[in-house]
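Below: one structure, written as structure tokens.
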Amino acid sequence: MIYHLSELFKNLGWDIPGLGLMSYISVRAMLASIISLLTALFAGKKIIAWLQKKQIGETIRDLGLEGQMQKKGTPTMGGIIIIISVLAGALLCCNLANIYTILLVITTVWLGGLGFADDSIKVFKHNKDGLSERAKLIGQFTLALGIALAMCFVPSFWPGDAKEIVTTIPFVKEHELDYSWFIPFKGQFGMYCTWALYVLVIIFIILACSNGTNLTDGLDGLAAGTTAIVGVVLGIFGWLSSSIVNSDYLNIMYLPGSGEVAVYMAALVGALLGFLWYNTFPAQVFMGDTGSLALGGIIGVGALLTRKELLLPVLCGIFLVESLSVIMQRSYFKYTKKKYGAGKRIFRMSPLHHHFQKEGIEAVFSKSAVLPESKITGRFWIIGIILAVATLALLKVR
């Protein structure tokens, strides 16, 4: 809104001091971050008080985790704070006519709504399972398919008569990978197969990121802090890709208009920092699925929009390992139960962050010490920062 007002005033010829600053992505990004941060700080206090008044608290099952039962009754659905704050900064500072902004806003609202529905069932209907896995996947898949079709057919993503579907990849000279390399067919049919492959990749990325963030949300400040680190890197990618000078220097794709991703990610980081004010140990509020599903979706779509989706295994290494720990645990348990009649576990408990909280000697890593929750979160943040730096460094590795 502020961006569009500044454009209107310029077109009207109004010479207002400082008006030209809104044409700079860096200025709008900083402003979006500050607005989102302040919104989270001030609105968060009100929302937490309202959640407490309505007794919208977390239901806890005793799983033998350190400090677990002390969390009982802590307000949940705090993802509302994040969503309101992100949208406040983004809608005020982003170019709302930009396709990048539109898709990120749709992702935030759609997945936030899906998570809200899940949390509502848990809280108000006292059903600890919430939405069924099938219902969640259908909701996520519908959004992912819509994003995929938009990225394939909206001309803004493919200026001119561009036919190649390329993305950024490290370790090669030109830093680019063409999805058609994976298709053995040529001509028109080969092109259709390439687009189909790209749609499948988009759907997989969005579902993987959304669910990965959801699994990571299990300790105070863990998901919010890790996502903020990832958001900073994606914002840098969006800013670099929007500049023809910077993109040429780093030999990455020039994406006109992708600077709005930087502004949106700045709003996301600001909102998460404000949320962490209340969510760090000991947490005064939990984000719930309302926040975690939306955060993962924003990360996935942001990476796709900046053509950096193949860097996500490094950048989102925390989310990847958390997801793999759940898959490994479930698969091994089912396999051993079928083969030996009794299921065995690889980890004390999954996702991985709970392994370090869980007491017991039945795990492969049985000699691992049980760590305080705050220390686990802090160490995961440090690993996330290392992975973020490594991801940025990959832009120069050829």
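Residue numbering restarts at 1 for every chain of the structure tokens, chains are lettered A, B, ... in their displayed order, and ligands are numbered from 1 as they appear.
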Skip A:Asp220 itself and residues of its chain fewer than 2 positions away, then list as a list in words all residues within 7 Å of it, counting only C-alpha atoms.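 Counting only C-alpha atoms, the residues come to Gly218, Leu222, Asn279, Thr280, Phe281, Pro282 and Ala283 of chain A.
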Go ahead and write the residues just picked, C-alpha atoms, as an mmCIF file, in the first residue's frame.
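Below is the file that was written, part-v6.cif:
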data_model
loop_
_atom_site.group_PDB
_atom_site.id
_atom_site.type_symbol
_atom_site.label_atom_id
_atom_site.label_comp_id
_atom_site.auth_asym_id
_atom_site.auth_seq_id
_atom_site.Cartn_x
_atom_site.Cartn_y
_atom_site.Cartn_z
ATOM 1 C CA GLY A 218 8.414 -29.246 18.657
ATOM 2 C CA LEU A 222 13.056 -24.074 17.108
ATOM 3 C CA ASN A 279 8.121 -18.173 21.816
ATOM 4 C CA THR A 280 11.672 -18.616 23.114
ATOM 5 C CA PHE A 281 12.173 -20.843 26.139
ATOM 6 C CA PRO A 282 10.049 -20.910 28.211
ATOM 7 C CA ALA A 283 7.423 -20.249 25.553
#
Within 9 Å of A:Leu104, counting only C-alpha atoms, which residues qualify if same-chain residues fewer than 4 places away don't, as number ranges by chain? A: 99-100, 108-109, 261, 264, 297-298, 301-302
Can you write out the residues you just picked, keeping N, CA and C atoms, as an mmCIF file, in the first residue's frame?
data_model
loop_
_atom_site.group_PDB
_atom_site.id
_atom_site.type_symbol
_atom_site.label_atom_id
_atom_site.label_comp_id
_atom_site.auth_asym_id
_atom_site.auth_seq_id
_atom_site.Cartn_x
_atom_site.Cartn_y
_atom_site.Cartn_z
ATOM 1 N N ILE A 99 3.486 -10.649 -9.452
ATOM 2 C CA ILE A 99 3.052 -12.040 -9.352
ATOM 3 C C ILE A 99 3.757 -12.760 -8.209
ATOM 4 N N TYR A 100 5.001 -12.380 -7.920
ATOM 5 C CA TYR A 100 5.722 -13.002 -6.810
ATOM 6 C C TYR A 100 5.011 -12.720 -5.494
ATOM 7 N N THR A 108 0.550 -17.944 2.058
ATOM 8 C CA THR A 108 0.448 -17.634 3.489
ATOM 9 C C THR A 108 -0.975 -17.820 4.001
ATOM 10 N N VAL A 109 -1.933 -17.264 3.283
ATOM 11 C CA VAL A 109 -3.330 -17.321 3.718
ATOM 12 C C VAL A 109 -3.880 -18.742 3.607
ATOM 13 N N VAL A 261 10.272 -10.744 -3.577
ATOM 14 C CA VAL A 261 10.515 -11.880 -2.686
ATOM 15 C C VAL A 261 11.378 -11.429 -1.513
ATOM 16 N N TYR A 264 9.193 -9.525 0.864
ATOM 17 C CA TYR A 264 8.291 -10.439 1.583
ATOM 18 C C TYR A 264 9.051 -11.227 2.639
ATOM 19 N N GLY A 297 5.369 -23.503 3.723
ATOM 20 C CA GLY A 297 4.904 -23.163 2.381
ATOM 21 C C GLY A 297 5.582 -21.920 1.839
ATOM 22 N N ILE A 298 5.734 -20.906 2.679
ATOM 23 C CA ILE A 298 6.403 -19.668 2.254
ATOM 24 C C ILE A 298 7.846 -19.957 1.841
ATOM 25 N N VAL A 301 7.779 -21.961 -1.584
ATOM 26 C CA VAL A 301 7.394 -21.104 -2.714
ATOM 27 C C VAL A 301 8.466 -20.047 -2.959
ATOM 28 N N GLY A 302 9.034 -19.490 -1.895
ATOM 29 C CA GLY A 302 10.101 -18.505 -2.057
ATOM 30 C C GLY A 302 11.295 -19.071 -2.793
#
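DSSP on the backbone gives strand (DSSP E) for these parts of stretch 166-253 of chain A: Val166, Thr167, Thr168, Glu176, Leu177 and Asp178 of chain A.
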Find the residues near A:Ser258: any atom within 7 Å, counting only C-alpha atoms, skip ones fewer than 3 places away on the same chain, and give them as a ChimeraX atom specification. /A:100,238-239,241-242,255,261,306
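Note that the spacing between atom CA of A:Leu5 and atom CA of A:Phe153 amounts to 29.8 Å.
Taking only C-alpha atoms into account, A:Ile82 lies nearest to A:Leu272 out of the set A:Ala97, A:Val199, A:Leu272, A:Ile229.
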Who sits within 10 Å of stretch 115-131 of chain A, only C-alpha atoms, same chain under 5 positions skipped, as a list in words: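 Near stretch 115-131 of chain A, the qualifying residues are Gln55, Ile56, Gly57, Glu58, Thr59, Ile60, Arg61, Thr76, Met77, Gly78, Gly79, Ile80, Val109, Trp110, Lys136, Leu137, Gly139, Asn214, Met287, Gly288, Asp289, Thr290, Gly291, Ser292, Leu293 and Ala294 of chain A.
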So how far away is atom CA of A:Ile252 from atom CA of A:Ala390, in Å? 16.5 Å
Using DSSP assignments from the backbone, pull out every residue in stretch 213-378 of chain A that falls under alpha helix (DSSP H) and give it to me as a PyMOL selection string. chain A and resi 213-216+222-242+244-250+259-279+288-305+312-315+317-340+352-355+373-378
So which one's closest to A:Gly317, A:Gly13, A:Gly20, A:Pro75, A:Gly212? Using only C-alpha atoms, please.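 Using only C-alpha atoms, A:Gly317 sits closest to A:Gly212.
Using only C-alpha atoms, the shortest contact distance between A:Leu387 and any of A:Val230, A:Met30, A:Lys344, A:Thr194 is found at A:Val230.
Picture a line from atom CA of A:Ser325 to atom CA of A:Pro351; it runs 5.7 Å.
Distance annotation: of A:Ile165, A:Ile385, A:Ala135, A:Leu273, the residue with the minimal separation from A:Leu197 is A:Ile165; atom set is only C-alpha atoms.
Checking A:Ser210, A:Asn98, A:Thr391, A:Thr167 one by one against A:His4, counting only C-alpha atoms, you find the shortest gap at A:Asn98.
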